[in-house]
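Asks: File upload12.txt below, compact mmCIF, C-alpha atoms and all ligand atoms:
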# COMPACT_ATOMS: atom_id res chain seq x y z
CA MET A 72 114.23 69.37 241.50
CA VAL A 73 111.05 69.83 239.50
CA SER A 74 110.86 72.76 237.09
CA VAL A 75 107.88 74.46 235.46
CA ASN A 76 109.17 73.35 232.06
CA ASP A 77 108.78 69.72 233.11
CA PHE A 78 105.05 70.31 232.70
CA ASN A 79 105.23 71.73 229.17
CA GLY A 80 102.88 69.73 226.97
CA ARG A 81 103.68 68.73 223.40
CA VAL A 82 100.72 70.75 222.10
CA LYS A 83 100.69 74.55 222.38
CA PRO A 84 97.41 76.03 223.70
CA ASP A 85 95.09 77.14 220.88
CA TRP A 86 93.07 79.42 223.11
CA CYS A 87 92.36 82.96 221.86
CA PRO A 88 95.18 85.35 222.81
CA ALA A 89 94.55 86.76 226.34
CA CYS A 90 91.97 84.10 227.24
CA GLY A 91 91.83 83.73 231.04
CA ASN A 92 92.70 80.03 230.75
CA PHE A 93 96.37 80.86 230.08
CA ALA A 94 96.88 82.29 233.58
CA GLN A 95 95.36 79.18 235.12
CA LEU A 96 97.54 76.83 233.09
CA SER A 97 100.65 78.77 234.16
CA ALA A 98 99.50 78.82 237.78
CA ILE A 99 98.88 75.06 237.84
CA LYS A 100 102.30 74.34 236.30
CA SER A 101 104.17 76.68 238.64
CA VAL A 102 102.37 75.42 241.76
CA LEU A 103 103.08 71.78 240.89
CA SER A 104 106.76 72.53 240.36
CA ASP A 105 106.93 74.63 243.58
CA LEU A 106 105.44 71.73 245.50
CA GLY A 107 107.89 69.31 243.89
CA VAL A 108 105.09 67.21 242.41
CA GLU A 109 106.50 65.37 239.40
CA SER A 110 104.58 65.21 236.15
CA HIS A 111 104.37 61.40 236.33
CA ASN A 112 102.64 61.79 239.70
CA THR A 113 100.04 64.21 238.35
CA ALA A 114 96.74 63.54 236.60
CA VAL A 115 94.65 66.27 234.99
CA ILE A 116 91.08 65.35 234.15
CA SER A 117 88.68 67.50 232.14
CA GLY A 118 85.26 67.57 230.48
CA ILE A 119 84.45 69.41 227.26
CA GLY A 120 84.96 73.11 226.53
CA CYS A 121 87.76 75.51 225.63
CA SER A 122 89.01 75.26 229.20
CA SER A 123 88.67 71.48 229.18
CA ASN A 124 91.30 71.23 226.46
CA LEU A 125 93.90 71.93 229.16
CA PRO A 126 95.11 68.31 229.62
CA GLU A 127 96.50 68.50 226.07
CA PHE A 128 98.70 71.42 227.10
CA ILE A 129 100.31 70.00 230.22
CA LYS A 130 102.70 67.08 230.52
CA ALA A 131 101.00 64.79 233.01
CA TYR A 132 98.58 61.90 232.92
CA GLY A 133 95.43 63.28 231.36
CA PHE A 134 91.89 62.35 230.51
CA HIS A 135 89.72 64.53 228.29
CA GLY A 136 86.31 63.12 229.09
CA LEU A 137 82.66 63.79 228.39
CA HIS A 138 80.96 67.13 228.98
CA GLY A 139 80.34 67.57 232.72
CA ARG A 140 81.61 64.09 233.60
CA LEU A 141 85.10 64.94 234.80
CA LEU A 142 84.54 64.50 238.53
CA PRO A 143 83.58 60.79 238.61
CA VAL A 144 86.63 60.08 236.45
CA ALA A 145 88.89 62.19 238.67
CA SER A 146 87.52 60.43 241.78
CA ALA A 147 88.16 57.02 240.24
CA VAL A 148 91.72 57.96 239.28
CA LYS A 149 92.43 59.14 242.83
CA TRP A 150 90.91 56.03 244.35
CA ALA A 151 92.83 53.71 242.05
CA ASN A 152 96.13 55.46 242.74
CA PRO A 153 96.10 57.84 245.72
CA LYS A 154 99.76 58.70 245.13
CA LEU A 155 98.67 60.88 242.22
CA THR A 156 97.90 64.57 242.61
CA VAL A 157 94.58 64.77 240.80
CA ILE A 158 93.33 68.03 239.31
CA ALA A 159 89.91 68.26 237.66
CA TYR A 160 89.63 71.28 235.39
CA GLY A 161 86.76 72.61 233.28
CA GLY A 162 84.34 75.39 232.49
CA ASP A 163 81.32 76.80 234.31
CA GLY A 164 79.01 75.24 231.71
CA ASP A 165 80.72 71.89 232.15
CA GLY A 166 80.64 72.01 235.94
CA PHE A 167 77.44 73.85 236.83
CA PHE A 168 75.18 72.77 233.98
CA GLU A 169 75.84 69.33 232.55
CA GLY A 170 77.95 68.28 235.55
CA THR A 171 75.95 69.77 238.43
CA GLN A 172 75.10 66.52 240.20
CA HIS A 173 78.70 65.30 240.05
CA PHE A 174 79.93 68.55 241.58
CA PHE A 175 77.48 68.18 244.45
CA HIS A 176 78.24 64.55 245.22
CA THR A 177 82.02 64.76 244.84
CA ALA A 178 82.07 67.68 247.27
CA LYS A 179 79.78 65.78 249.65
CA ARG A 180 82.06 62.74 249.57
CA ASN A 181 85.12 64.87 250.28
CA VAL A 182 87.20 63.08 247.67
CA ASP A 183 90.83 64.20 247.85
CA ILE A 184 91.02 66.02 244.52
CA THR A 185 91.29 69.65 243.40
CA TYR A 186 88.55 71.04 241.17
CA ILE A 187 89.34 74.27 239.31
CA VAL A 188 86.60 75.95 237.28
CA SER A 189 87.43 78.49 234.62
CA ASP A 190 84.33 80.61 235.20
CA ASN A 191 83.92 82.85 232.15
CA GLN A 192 80.12 83.10 232.49
CA VAL A 193 79.60 81.85 228.94
CA PHE A 194 79.84 78.71 226.80
CA GLY A 195 83.07 79.48 224.95
CA LEU A 196 83.68 76.42 222.80
CA THR A 197 80.18 76.46 221.31
CA THR A 198 80.72 80.14 220.42
CA GLY A 199 78.85 82.09 223.06
CA GLN A 200 75.68 80.96 224.82
CA ALA A 201 74.64 82.01 228.34
CA SER A 202 76.05 79.72 231.03
CA PRO A 203 74.67 79.07 234.54
CA THR A 204 76.80 81.90 235.95
CA ALA A 205 75.81 84.43 233.24
CA GLU A 206 74.40 87.64 234.68
CA ILE A 207 70.78 88.70 234.26
CA GLY A 208 70.47 90.68 231.03
CA PHE A 209 73.53 89.03 229.43
CA VAL A 210 72.99 89.11 225.66
CA SER A 211 74.28 86.01 223.89
CA LYS A 212 73.42 83.66 221.03
CA SER A 213 71.03 81.76 223.30
CA THR A 214 69.69 84.87 225.04
CA PRO A 215 69.32 87.49 222.27
CA ASP A 216 66.92 89.54 224.43
CA GLY A 217 69.10 89.22 227.51
CA ASN A 218 69.40 86.40 230.06
CA ILE A 219 66.32 86.18 232.29
CA GLU A 220 67.67 83.49 234.65
CA ARG A 221 69.45 84.38 237.90
CA PRO A 222 73.08 83.23 237.99
CA ILE A 223 74.03 80.44 240.35
CA ASN A 224 76.62 81.09 243.05
CA PRO A 225 79.26 78.34 242.70
CA LEU A 226 80.85 79.07 246.09
CA ALA A 227 77.54 78.84 247.95
CA PHE A 228 76.81 75.63 246.07
CA ALA A 229 80.19 74.16 247.03
CA LEU A 230 79.70 75.09 250.69
CA ALA A 231 76.16 73.70 250.75
CA ALA A 232 77.42 70.44 249.23
CA GLY A 233 80.19 70.05 251.83
CA ALA A 234 83.39 71.07 250.01
CA THR A 235 86.17 71.38 252.57
CA TYR A 236 88.29 74.02 250.76
CA VAL A 237 86.43 76.78 248.95
CA ALA A 238 88.22 79.61 247.15
CA ARG A 239 87.80 82.09 244.34
CA GLY A 240 90.50 83.70 242.23
CA PHE A 241 90.90 85.92 239.18
CA SER A 242 92.93 85.17 236.06
CA GLY A 243 94.03 88.82 236.05
CA ASP A 244 95.89 88.26 239.34
CA PRO A 245 98.03 85.17 238.63
CA LYS A 246 100.18 85.44 241.76
CA HIS A 247 97.18 85.41 244.07
CA LEU A 248 95.56 82.67 241.97
CA SER A 249 98.68 80.52 242.38
CA GLU A 250 98.47 80.88 246.16
CA LEU A 251 94.86 79.69 246.11
CA ILE A 252 95.70 76.73 243.86
CA LYS A 253 98.67 75.83 246.02
CA GLY A 254 96.45 75.72 249.12
CA ALA A 255 93.90 73.65 247.20
CA ILE A 256 96.44 71.05 246.10
CA GLN A 257 97.92 70.82 249.59
CA HIS A 258 94.48 70.42 251.16
CA LYS A 259 93.49 66.88 252.12
CA GLY A 260 89.93 66.60 250.82
CA PHE A 261 87.77 68.12 248.11
CA SER A 262 89.14 71.54 247.21
CA PHE A 263 87.27 73.88 244.91
CA VAL A 264 88.65 77.00 243.21
CA ASP A 265 86.28 79.09 241.10
CA VAL A 266 88.22 81.44 238.83
CA PHE A 267 86.88 84.64 237.29
CA SER A 268 88.32 84.05 233.84
CA PRO A 269 87.48 86.46 231.02
CA CYS A 270 86.44 84.95 227.69
CA VAL A 271 87.78 87.77 225.54
CA THR A 272 85.90 86.61 222.44
CA PHE A 273 82.33 85.87 223.55
CA ASN A 274 81.88 87.80 226.77
CA LYS A 275 82.38 91.52 226.31
CA ILE A 276 80.78 92.32 229.69
CA ASN A 277 82.81 90.35 232.26
CA THR A 278 86.20 91.58 231.03
CA TYR A 279 89.56 92.00 232.80
CA ASP A 280 88.68 95.68 233.43
CA TYR A 281 85.26 94.72 234.80
CA PHE A 282 86.86 92.40 237.37
CA ARG A 283 89.81 94.69 238.15
CA LYS A 284 87.34 97.32 239.33
CA LYS A 285 85.32 94.82 241.36
CA VAL A 286 87.56 92.29 243.02
CA TYR A 287 89.26 92.72 246.38
CA LYS A 288 91.30 90.25 248.42
CA TYR A 289 89.64 88.65 251.38
CA GLU A 290 91.24 86.67 254.21
CA PRO A 291 88.92 85.31 256.90
CA GLU A 292 89.97 85.52 260.55
CA ASP A 293 88.84 81.93 261.04
CA PRO A 294 88.63 79.99 257.75
CA SER A 295 86.91 77.09 259.55
CA ASN A 296 83.88 79.24 260.44
CA TYR A 297 81.20 77.88 258.11
CA GLU A 298 78.56 80.51 258.89
CA SER A 299 80.83 83.47 258.17
CA ALA A 300 82.14 81.79 255.01
CA TYR A 301 78.57 81.32 253.81
CA LYS A 302 77.72 84.93 254.54
CA LYS A 303 80.82 86.14 252.71
CA VAL A 304 80.29 84.13 249.54
CA LEU A 305 76.82 85.65 249.18
CA GLU A 306 78.40 89.10 248.86
CA ALA A 307 77.60 90.43 245.38
CA GLY A 308 77.18 93.76 243.64
CA GLU A 309 79.82 96.46 243.32
CA LYS A 310 82.60 94.53 245.08
CA LEU A 311 83.47 90.84 244.82
CA PRO A 312 85.79 89.11 247.32
CA ILE A 313 88.50 86.73 246.11
CA GLY A 314 90.52 84.46 248.38
CA VAL A 315 90.07 81.34 250.49
CA PHE A 316 86.65 81.45 252.14
CA TYR A 317 86.52 78.14 253.94
CA VAL A 318 88.85 75.34 255.04
CA SER A 319 87.82 72.39 257.14
CA ASN A 320 89.51 69.12 258.02
CA GLN A 321 86.99 66.33 257.56
CA LYS A 322 87.46 62.65 256.91
CA ARG A 323 87.98 61.83 253.25
CA TYR A 324 85.82 59.29 251.44
CA GLU A 325 88.81 57.03 250.94
CA GLU A 326 89.49 56.98 254.70
CA MET A 327 85.96 55.80 255.45
CA ASP A 328 84.98 53.35 252.72
CA PRO A 329 85.54 49.77 254.01
CA VAL A 330 86.52 48.65 250.51
CA TRP A 331 89.76 50.49 251.18
CA SER A 332 90.81 48.12 253.92
CA ALA A 333 92.47 46.04 251.19
CA GLY A 334 94.39 49.14 250.05
CA PRO A 335 94.14 51.02 246.76
CA ILE A 336 93.80 49.12 243.48
CA ILE A 337 97.31 50.03 242.41
CA ASP A 338 98.75 48.04 245.34
CA GLN A 339 96.61 44.96 244.78
CA ALA A 340 97.67 41.90 242.85
CA ILE A 341 96.18 41.59 239.38
CA HIS A 342 93.58 38.86 239.42
CA VAL A 343 92.56 37.42 236.09
CA VAL A 344 88.87 36.48 236.12
CA THR A 345 88.52 32.79 235.22
CA GLU A 346 85.52 30.91 233.91
CA GLU A 347 85.13 29.32 237.35
CA ASP A 348 85.02 32.77 238.95
CA LEU A 349 82.30 33.77 236.54
CA GLU A 350 80.28 30.63 237.18
CA GLU A 351 80.52 31.12 240.92
CA PHE A 352 79.49 34.74 240.53
CA LEU A 353 76.51 33.87 238.32
C1 LIG B 1 76.19 66.38 226.88
C2 LIG B 1 76.67 67.50 226.04
N1 LIG B 1 75.91 68.60 225.92
C3 LIG B 1 76.35 69.65 225.18
C4 LIG B 1 77.55 69.58 224.53
C5 LIG B 1 77.99 70.75 223.68
N2 LIG B 1 78.97 71.55 224.38
C6 LIG B 1 80.30 71.36 224.19
S1 LIG B 1 81.24 72.44 225.06
C7 LIG B 1 79.86 73.17 225.70
C8 LIG B 1 79.94 74.35 226.66
C9 LIG B 1 81.29 74.74 227.04
O1 LIG B 1 81.22 75.78 227.98
P1 LIG B 1 82.05 75.73 229.31
O2 LIG B 1 81.94 74.41 229.97
O3 LIG B 1 81.65 76.90 230.14
O4 LIG B 1 83.56 75.84 228.83
P2 LIG B 1 84.33 76.98 228.00
O5 LIG B 1 84.27 76.55 226.57
O6 LIG B 1 83.65 78.28 228.24
O7 LIG B 1 85.69 76.92 228.56
C10 LIG B 1 78.68 72.58 225.25
C11 LIG B 1 77.33 73.00 225.61
C12 LIG B 1 78.32 68.41 224.67
N3 LIG B 1 79.52 68.30 224.11
N4 LIG B 1 77.86 67.39 225.44
S1 LIG B 2 86.40 81.44 223.01
FE1 LIG B 2 86.67 82.40 225.02
S2 LIG B 2 87.04 80.71 226.47
FE2 LIG B 2 87.38 79.94 224.38
S3 LIG B 2 89.60 80.17 224.01
FE3 LIG B 2 88.57 81.99 223.20
S4 LIG B 2 88.62 83.48 224.89
FE4 LIG B 2 89.04 81.46 225.77
Write out the structure in this file as structure tokens.
Ligand SMILES: Cc1ncc(C[n+]2csc(CCOP(=O)(O)OP(=O)(O)O)c2C)c(N)n1
Ligand code: SF4
Replies:
Amino acid sequence: MVSVNDFNGRVKPDWCPACGNFAQLSAIKSVLSDLGVESHNTAVISGIGCSSNLPEFIKAYGFHGLHGRLLPVASAVKWANPKLTVIAYGGDGDGFFEGTQHFFHTAKRNVDITYIVSDNQVFGLTTGQASPTAEIGFVSKSTPDGNIERPINPLAFALAAGATYVARGFSGDPKHLSELIKGAIQHKGFSFVDVFSPCVTFNKINTYDYFRKKVYKYEPEDPSNYESAYKKVLEAGEKLPIGVFYVSNQKRYEEMDPVWSAGPIIDQAIHVVTEEDLEEFL
């Protein structure tokens, strides 16, 4: 039996009280325990940001990497030891600004990891600059006259790149969020969950109340229908759908790469490189 408390980290979260990240941390811990995944079979990989501090707060293998560089690390961890459940977790700045190209290519490769983005539409850790998902007109330290750039749509981006599980949740609805994360972890392939996650300190626009008025639950008739998923994720304005938009079973990178014929690194004998090896190589 695995319990939620098995995932309690030694460090208590230092996020601001009521930060949306708390609901995601609880959801991840409860889903892992529900699925019977043990902490020593879990790896949580992050970049830099308030959200990216999460590996400190969960008992599992963890890697707190460079800003935006979490996905190559998460891919490598999965490829080295496919027995691990690998969760990449970070902010919208981390994932859709500094890490954009990694997001695109990891989705395209269909690496079997789960990527959860705490999308608070602001750079939290650096005390409030507009992020790639900030709305037009958003006033922040970097946009004192209001943001003039159009926000990106992370779900459309994920679908365009080839993600095979695409969902969006809300930190204010932890039960629903847990269902989405559970589906993502169970999915075989690249699963992406974008989470509306209020930053209560630096974003006074996209608050819990703002999202409570806007979000509604969506369940597609046929989650494998790419065209209808694409149409749905473009829905914006007064109402915003949350739920699983798209699920598709495609071959994973690790099933296709011939290098895998020898099995994952963890199952291979350790070979110490000798001087002769080096000479031959040179
Ligand atoms: C390459 C690089 N550029 C910029 C920074 C500075 N920096 C640290 S965190 C951060 C933004 C964090 O925002 P986000 O990823 O949305 O996470 P949040 O803090 O909101 O959870 C930035 C710009 C950095 N550490 N490395
Ligand atoms: S600054 Fe914002 S994102 Fe960072 S811990 Fe506080 S509420 Fe959360």
Asks: Kindly indicate which residue among A:Gly314, A:Gly133, A:Gly120, A:Gly233 lies nearest to Gly161 in chain A, using all atoms listed in the file for the distances.
Replies: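 Among A:Gly314, A:Gly133, A:Gly120, A:Gly233, it is A:Gly120 that comes nearest to Gly161 in chain A.
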Asks: Taking only C-alpha atoms and all ligand atoms into account, produce a table as a Markdown table in which each residue of chain A with an atom at most 8 Å from an atom of ligand LIG 2 (chain B) appears once, together with its shortest atom pair and the distance in Å to one decimal, ordered by chain and rising number.
Replies:
| residue | atom | partner | partner_atom | distance |
| --- | --- | --- | --- | --- |
| A:Asp85 | CA | B:LIG2 | S3 | 7.0 |
| A:Trp86 | CA | B:LIG2 | S3 | 3.7 |
| A:Cys87 | CA | B:LIG2 | FE3 | 4.1 |
| A:Pro88 | CA | B:LIG2 | S4 | 7.1 |
| A:Ala89 | CA | B:LIG2 | S4 | 6.9 |
| A:Cys90 | CA | B:LIG2 | S4 | 4.1 |
| A:Gly91 | CA | B:LIG2 | FE4 | 6.4 |
| A:Asn92 | CA | B:LIG2 | FE4 | 6.3 |
| A:Gly120 | CA | B:LIG2 | FE2 | 7.6 |
| A:Cys121 | CA | B:LIG2 | FE2 | 4.6 |
| A:Ser122 | CA | B:LIG2 | S2 | 6.4 |
| A:Asn191 | CA | B:LIG2 | S2 | 6.8 |
| A:Val193 | CA | B:LIG2 | S2 | 7.9 |
| A:Phe194 | CA | B:LIG2 | S2 | 7.5 |
| A:Gly195 | CA | B:LIG2 | S1 | 4.3 |
| A:Leu196 | CA | B:LIG2 | FE2 | 5.3 |
| A:Thr198 | CA | B:LIG2 | S1 | 6.4 |
| A:Gly199 | CA | B:LIG2 | S1 | 7.6 |
| A:Pro269 | CA | B:LIG2 | S4 | 6.9 |
| A:Cys270 | CA | B:LIG2 | FE1 | 3.7 |
| A:Val271 | CA | B:LIG2 | S4 | 4.4 |
| A:Thr272 | CA | B:LIG2 | S4 | 4.8 |
| A:Phe273 | CA | B:LIG2 | FE1 | 5.7 |
| A:Asn274 | CA | B:LIG2 | FE1 | 7.4 |
Asks: Which is closest to Leu305 in chain A among A:Gly80, A:Pro225, A:Gly136, A:Gly164, if we use all atoms listed in the file?
Replies: A:Pro225
Asks: Find the distance between CA of Lys284 in chain A and CA of Ser268 in chain A and write it in Å to one decimal.
Replies: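 Atom-to-atom, CA of Lys284 in chain A and CA of Ser268 in chain A are spaced 14.4 Å apart.
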Asks: Can you tell me how far CA of Ile336 in chain A sits from CA of Val144 in chain A, in Å to one decimal?
Replies: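 CA of Val144 in chain A lies 14.9 Å from CA of Ile336 in chain A.
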Asks: Ranking A:Phe134, A:Tyr324, A:Phe352, A:Tyr186 by minimum distance to Asp265 in chain A and counting only C-alpha atoms, which one comes first?
Replies: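 Nearest candidate to Asp265 in chain A out of A:Phe134, A:Tyr324, A:Phe352, A:Tyr186: A:Tyr186.
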Asks: Excluding Lys130 in chain A and any residue of its chain fewer than 5 positions from it, enumerate the residues within 12 Å of it, using all atoms listed in the file, and give them as a list in words.
Replies: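 Once the adjacent positions are removed, what remains is Ser74, Val75, Asn76, Asp77, Phe78, Asn79, Gly80, Arg81, Val82, Lys83, Leu96, Ile99, Lys100, Leu103, Ser104, Glu109, Ser110, His111, Asn112, Thr113, Ala114, Val115 and Leu125 of chain A.
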Asks: Can you pull out the residues contacting Lys275 in chain A? Cut-off 10 Å, using all atoms listed in the file, and skip same-chain residues under 6 positions away; I want them as a list of chain:residue names.
Replies: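 Once the adjacent positions are removed, what remains is A:Phe209, A:Val210, A:Pro269, A:Tyr281.
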Asks: Give me, as a tab-separated table, each residue of range 72-160 of chain A that comes within 7 Å of range 237-247 of chain A, together with its shortest interatomic pair and the distance in Å at one decimal, counting all atoms listed in the file, with rows ordered by chain and rising residue number.
Replies:
residue	atom	partner	partner_atom	distance
A:Gly91	CA	A:Ser242	CA	5.3
A:Ala94	CA	A:Ser242	CA	5.5
A:Gln95	CA	A:Ser242	CA	6.5
A:Ala98	CA	A:Pro245	CA	6.6
Asks: Once 4 Å is added on each side, what are the centre and the three edge lengths, in Å to one decimal, of the axis-aligned box enclosing the listed atoms of ligand LIG 1 (chain B)? Present them as lines of an AutoDock Vina configuration file.
Replies:
center_x = 80.8
center_y = 72.3
center_z = 226.9
size_x = 17.8
size_y = 19.9
size_z = 14.5
Asks: Identify which of the residues A:Ala307, A:Val318, A:Ile313, A:Val157 lies closest to Leu248 in chain A, counting all atoms listed in the file when measuring atom-to-atom distances.
Replies: A:Ile313
Asks: Could you list, as a ChimeraX atom specification, every residue within 12 Å of Asn296 in chain A, counting only C-alpha atoms and ignoring same-chain residues fewer than 6 positions away?
Replies: /A:230,235-236,302-303,315-320
Asks: From the options A:Ala231, A:Ala340, A:Ala151, A:Val266, which residue's atoms come nearest to ligand LIG 1 (chain B), counting only C-alpha atoms and all ligand atoms?
Replies: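 Counting only C-alpha atoms and all ligand atoms, the residue closest to ligand LIG 1 (chain B) is A:Val266.
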Asks: Would you work out the distance separating CA of Ala145 in chain A from CA of Val188 in chain A, expressed in Å to one decimal?
Replies: 14.0 Å
Asks: At a cut-off of 9 Å from (86.5, 63.4, 231.0) in the coordinates of the file, what residues are picked up using all atoms listed in the file, written as a ChimeraX atom specification?
Replies: /A:116-119,123,133-145,159
Asks: For Phe282 in chain A, which of A:Ala201, A:Ala255, A:Pro312, A:Val304 is the closest residue, counting only C-alpha atoms?
Replies: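 So, comparing all the options, the nearest one is A:Pro312.
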Asks: What's around Phe261 in chain A at 7 Å? Count all atoms listed in the file, leave out sequence neighbours fewer than 3 positions away in its own chain, and write the answer as a PyMOL selection string.
Replies: chain A and resi 178+181-185+234-236
Asks: Show which residues sit within 10 Å of Ala232 in chain A, as a list in words. Count only C-alpha atoms, and ignore same-chain residues fewer than 4 positions away.
Replies: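 The neighbour list is Phe174, Phe175, His176, Thr177, Ala178, Lys179, Arg180, Asn181, Leu226, Ala227 and Phe228 of chain A.
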Asks: For the residues selected in the previous step, produce a file with C-alpha atoms as a PDB file, in the coordinates of the input.
Replies:
ATOM      1  CA  PHE A 174      79.930  68.550 241.580  1.00  0.00           C
ATOM      2  CA  PHE A 175      77.480  68.180 244.450  1.00  0.00           C
ATOM      3  CA  HIS A 176      78.240  64.550 245.220  1.00  0.00           C
ATOM      4  CA  THR A 177      82.020  64.760 244.840  1.00  0.00           C
ATOM      5  CA  ALA A 178      82.070  67.680 247.270  1.00  0.00           C
ATOM      6  CA  LYS A 179      79.780  65.780 249.650  1.00  0.00           C
ATOM      7  CA  ARG A 180      82.060  62.740 249.570  1.00  0.00           C
ATOM      8  CA  ASN A 181      85.120  64.870 250.280  1.00  0.00           C
ATOM      9  CA  LEU A 226      80.850  79.070 246.090  1.00  0.00           C
ATOM     10  CA  ALA A 227      77.540  78.840 247.950  1.00  0.00           C
ATOM     11  CA  PHE A 228      76.810  75.630 246.070  1.00  0.00           C
TER      12      PHE A 228
END
